[in-house]
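**Q** I'm passing along upload_39.tsv; it holds TSV, C-alpha atoms.
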```
chain	number	residue	atom	x	y	z
A	530	MET	CA	119.05	90.22	83.31
A	531	ARG	CA	121.47	87.96	85.13
A	532	ILE	CA	123.40	88.63	88.34
A	533	THR	CA	126.74	86.81	88.31
A	534	ARG	CA	128.65	85.21	91.18
A	535	ALA	CA	131.24	88.02	90.92
A	536	GLN	CA	128.47	90.60	91.27
A	537	ARG	CA	127.01	88.75	94.27
A	538	ASN	CA	130.46	88.75	95.91
A	539	ALA	CA	130.85	92.47	95.16
A	540	VAL	CA	127.41	93.11	96.69
A	541	ALA	CA	128.40	91.25	99.89
A	542	GLU	CA	131.62	93.24	100.17
A	543	LYS	CA	129.87	96.56	99.51
A	544	ILE	CA	127.04	95.92	101.98
A	545	THR	CA	129.62	95.00	104.65
A	546	SER	CA	131.57	98.17	103.89
A	547	LEU	CA	128.49	100.41	103.96
A	548	GLU	CA	127.18	98.92	107.20
A	549	ARG	CA	130.62	99.34	108.78
A	550	SER	CA	130.72	102.95	107.60
A	551	PHE	CA	127.20	103.88	108.74
A	552	TYR	CA	126.75	101.70	111.83
A	553	GLY	CA	130.30	101.73	113.24
A	554	ARG	CA	130.68	98.00	112.72
A	555	GLY	CA	130.03	95.54	109.96
A	556	PRO	CA	128.07	92.31	110.09
A	557	ARG	CA	129.84	89.07	111.03
A	558	ASN	CA	128.86	87.60	107.67
A	559	VAL	CA	126.75	88.49	104.63
A	560	LYS	CA	124.85	86.04	102.45
A	561	VAL	CA	123.54	87.02	99.03
A	562	SER	CA	120.92	85.12	97.05
A	563	VAL	CA	119.23	85.88	93.74
A	564	SER	CA	115.97	84.69	92.18
A	565	ASP	CA	115.92	83.54	88.58
A	566	ASP	CA	112.48	84.76	87.52
A	567	ASP	CA	111.16	88.23	86.74
A	568	PRO	CA	111.00	90.25	88.83
A	569	ILE	CA	114.58	89.45	89.86
A	570	SER	CA	115.14	89.77	93.60
A	571	LEU	CA	118.55	90.18	95.18
A	572	VAL	CA	118.34	89.29	98.87
A	573	VAL	CA	121.14	90.27	101.22
A	574	LEU	CA	121.16	88.76	104.71
A	575	SER	CA	123.55	90.35	107.19
A	576	LEU	CA	124.33	88.23	110.25
A	577	ASP	CA	125.03	89.81	113.63
A	578	SER	CA	124.30	93.35	112.49
A	579	LEU	CA	123.19	94.86	115.80
A	580	THR	CA	125.39	97.45	117.45
A	581	VAL	CA	126.26	97.07	121.12
A	582	ALA	CA	123.66	99.75	121.92
A	583	ASP	CA	121.02	97.87	119.87
A	584	ALA	CA	121.81	94.64	121.73
A	585	VAL	CA	121.48	96.35	125.12
A	586	LEU	CA	118.14	97.88	124.14
A	587	SER	CA	116.86	94.53	122.85
A	588	GLU	CA	118.02	92.58	125.91
A	589	ARG	CA	116.30	95.09	128.20
A	590	GLY	CA	112.94	94.92	126.45
A	591	HIS	CA	113.19	97.87	124.07
A	592	LYS	CA	112.89	95.91	120.83
A	593	ASP	CA	110.64	98.55	119.25
A	594	ALA	CA	113.39	101.13	119.78
A	595	VAL	CA	115.85	98.90	117.92
A	596	ILE	CA	113.41	98.49	115.04
A	597	ARG	CA	112.69	102.25	114.90
A	598	HIS	CA	116.42	103.02	115.03
A	599	HIS	CA	117.15	100.71	112.11
A	600	GLU	CA	114.15	101.95	110.13
A	601	ALA	CA	115.52	105.49	110.46
A	602	LEU	CA	118.99	104.30	109.43
A	603	HIS	CA	117.56	102.40	106.45
A	604	GLU	CA	115.70	105.49	105.29
A	605	ALA	CA	118.66	107.84	105.85
A	606	THR	CA	121.08	105.57	103.96
A	607	ARG	CA	118.66	104.29	101.30
A	608	ALA	CA	120.19	106.28	98.42
A	609	ASP	CA	123.69	105.05	99.30
A	610	PHE	CA	122.67	101.39	99.22
A	611	LEU	CA	120.63	101.81	96.02
A	612	GLU	CA	123.44	103.63	94.23
A	613	ALA	CA	125.97	100.97	95.23
A	614	ILE	CA	123.80	98.02	94.14
A	615	GLU	CA	122.77	99.65	90.86
A	616	GLU	CA	126.42	100.35	90.07
A	617	ILE	CA	127.43	96.73	90.75
A	618	VAL	CA	124.48	95.14	88.94
A	619	GLY	CA	124.25	97.71	86.15
A	620	SER	CA	120.49	97.98	86.34
A	621	PRO	CA	118.06	100.25	88.25
A	622	VAL	CA	116.39	98.91	91.38
A	623	SER	CA	112.59	98.92	91.12
A	624	ALA	CA	111.88	98.35	94.83
A	625	TYR	CA	113.98	98.26	98.00
A	626	LEU	CA	112.99	96.82	101.36
A	627	ALA	CA	115.07	96.60	104.55
A	628	GLN	CA	114.45	95.29	108.06
A	629	VAL	CA	116.34	94.02	111.10
A	630	HIS	CA	115.28	91.42	113.65
A	631	PRO	CA	115.90	92.91	117.12
A	632	ASN	CA	116.60	89.54	118.81
A	633	THR	CA	118.83	87.77	116.30
A	634	GLY	CA	120.53	90.73	114.66
A	635	TYR	CA	119.65	89.36	111.24
A	636	ALA	CA	119.20	92.23	108.82
A	637	VAL	CA	117.66	91.69	105.41
A	638	ARG	CA	117.78	93.96	102.38
A	639	VAL	CA	115.78	93.06	99.29
A	640	PHE	CA	116.49	94.74	95.96
A	641	VAL	CA	113.91	94.05	93.23
A	642	PHE	CA	114.66	94.55	89.54
A	643	SER	CA	111.72	94.63	87.15
A	644	ASP	CA	110.97	95.76	83.64
A	645	LEU	CA	107.84	97.40	85.10
A	646	GLY	CA	109.89	100.28	86.52
A	647	ASP	CA	110.30	101.90	89.92
A	648	PHE	CA	107.60	100.68	92.32
A	649	ASP	CA	108.80	103.15	94.98
A	650	ASP	CA	108.40	106.21	92.71
A	651	PRO	CA	105.28	108.08	93.88
A	652	ASP	CA	104.89	109.54	90.36
A	653	ALA	CA	104.95	106.12	88.68
A	654	ASP	CA	101.55	104.68	87.79
A	655	GLY	CA	102.76	101.07	87.57
A	656	SER	CA	101.94	100.69	83.90
```
Take the structure in the file and give it back as structure tokens.

**A**
Amino acid sequence: MRITRAQRNAVAEKITSLERSFYGRGPRNVKVSVSDDDPISLVVLSLDSLTVADAVLSERGHKDAVIRHHEALHEATRADFLEAIEEIVGSPVSAYLAQVHPNTGYAVRVFVFSDLGDFDDPDADGS
């Protein structure tokens, strides 16, 4: 499997669009990087992804609330992000991880593609 530059650009555009749609604003910039070895990892770094409300909470010492808020958003929108990335890449995602840093506003999404299958499937035995 190979992820092309055009696919990486499409991923950056789609992540920006989805974040704008779900969070009310998009990130200032999105950087996409890809590993070359199996399992292939597609890492998306969104810069300045905190909402105004998130920034206020963080500045006033409620960083855990920002993290919990984004964890809930990541879980609620998980299927949307997976569907979009799988459509662009043309391969199923085996594992998906997402997190935001409450001080910097950096948000990272990692999509892992492996021939071993879906690591997040509770019915999968990993073999």

**Q** Which residue gives the smallest distance to Arg557 (chain A) among A:Ala539, A:Val629, A:Leu571, A:Leu579, with only C-alpha atoms counted?

**A** A:Leu579

**Q** CA of Val637 (chain A) and CA of Leu574 (chain A) are how many Å apart?

**A**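 One can read the CA of Val637 (chain A) to CA of Leu574 (chain A) distance as 4.6 Å.
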
**Q** So that I can check the surroundings of Gln536 (chain A), please list as a ChimeraX atom specification every protein, DNA and RNA residue that reaches within 10 Å of it, counting all atoms listed in the file and ignoring chain neighbours fewer than 5 positions away.

**A** /A:531,541-542,561,614,617-619

**Q** CA of His603 (chain A) to CA of Leu547 (chain A): how many Å, to one decimal?

**A**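 These atoms are spaced 11.4 Å apart.
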
**Q** In terms of the shortest atom-to-atom distance over all atoms listed in the file, which of A:Gln628, A:Thr533, A:Ser546, A:Ser570 is closest to Val595 (chain A)?

**A** A:Gln628

**Q** Name the closest residue to Leu626 (chain A) among the candidates A:Asp583, A:Asp593, A:Glu548, A:Glu604; distances are taken between atoms, counting all atoms listed in the file.

**A**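 Nearest to Leu626 (chain A): A:Glu604.
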
**Q** To one decimal place, how far is CA of Pro621 (chain A) from CA of Val641 (chain A) in Å?

**A**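 Interatomic distance, CA of Pro621 (chain A) to CA of Val641 (chain A): 9.0 Å.
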
**Q** Restricting the calculation to all atoms listed in the file: of A:Ala535, A:Lys543, A:Val585, A:Val559, which residue gets closest to Val573 (chain A)?

**A**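 Of all the options, A:Val559 lies closest to Val573 (chain A).
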
**Q** Restricting the calculation to all atoms listed in the file: of A:Arg589, A:Phe610, A:Asp567, A:Ile532, which residue gets closest to Arg638 (chain A)?

**A**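 For Arg638 (chain A), the nearest of the given residues is A:Phe610.
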
**Q** Is it possible to get the axis-aligned box enclosing region 578-591 of chain A (all listed atoms, 3 Å extra per side) as JSON, with centre and edge lengths in Å rounded to one decimal?

**A**
```
{"center_x": 119.6, "center_y": 96.2, "center_z": 120.3, "size_x": 19.3, "size_y": 13.2, "size_z": 21.7}
```

**Q** Using only C-alpha atoms for the distances, tell me which of A:Ser578, A:Asn538, A:Ser643, A:Thr545 is nearest to Ser620 (chain A).

**A**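 With only C-alpha atoms as the atom set, the closest residue is A:Ser643.
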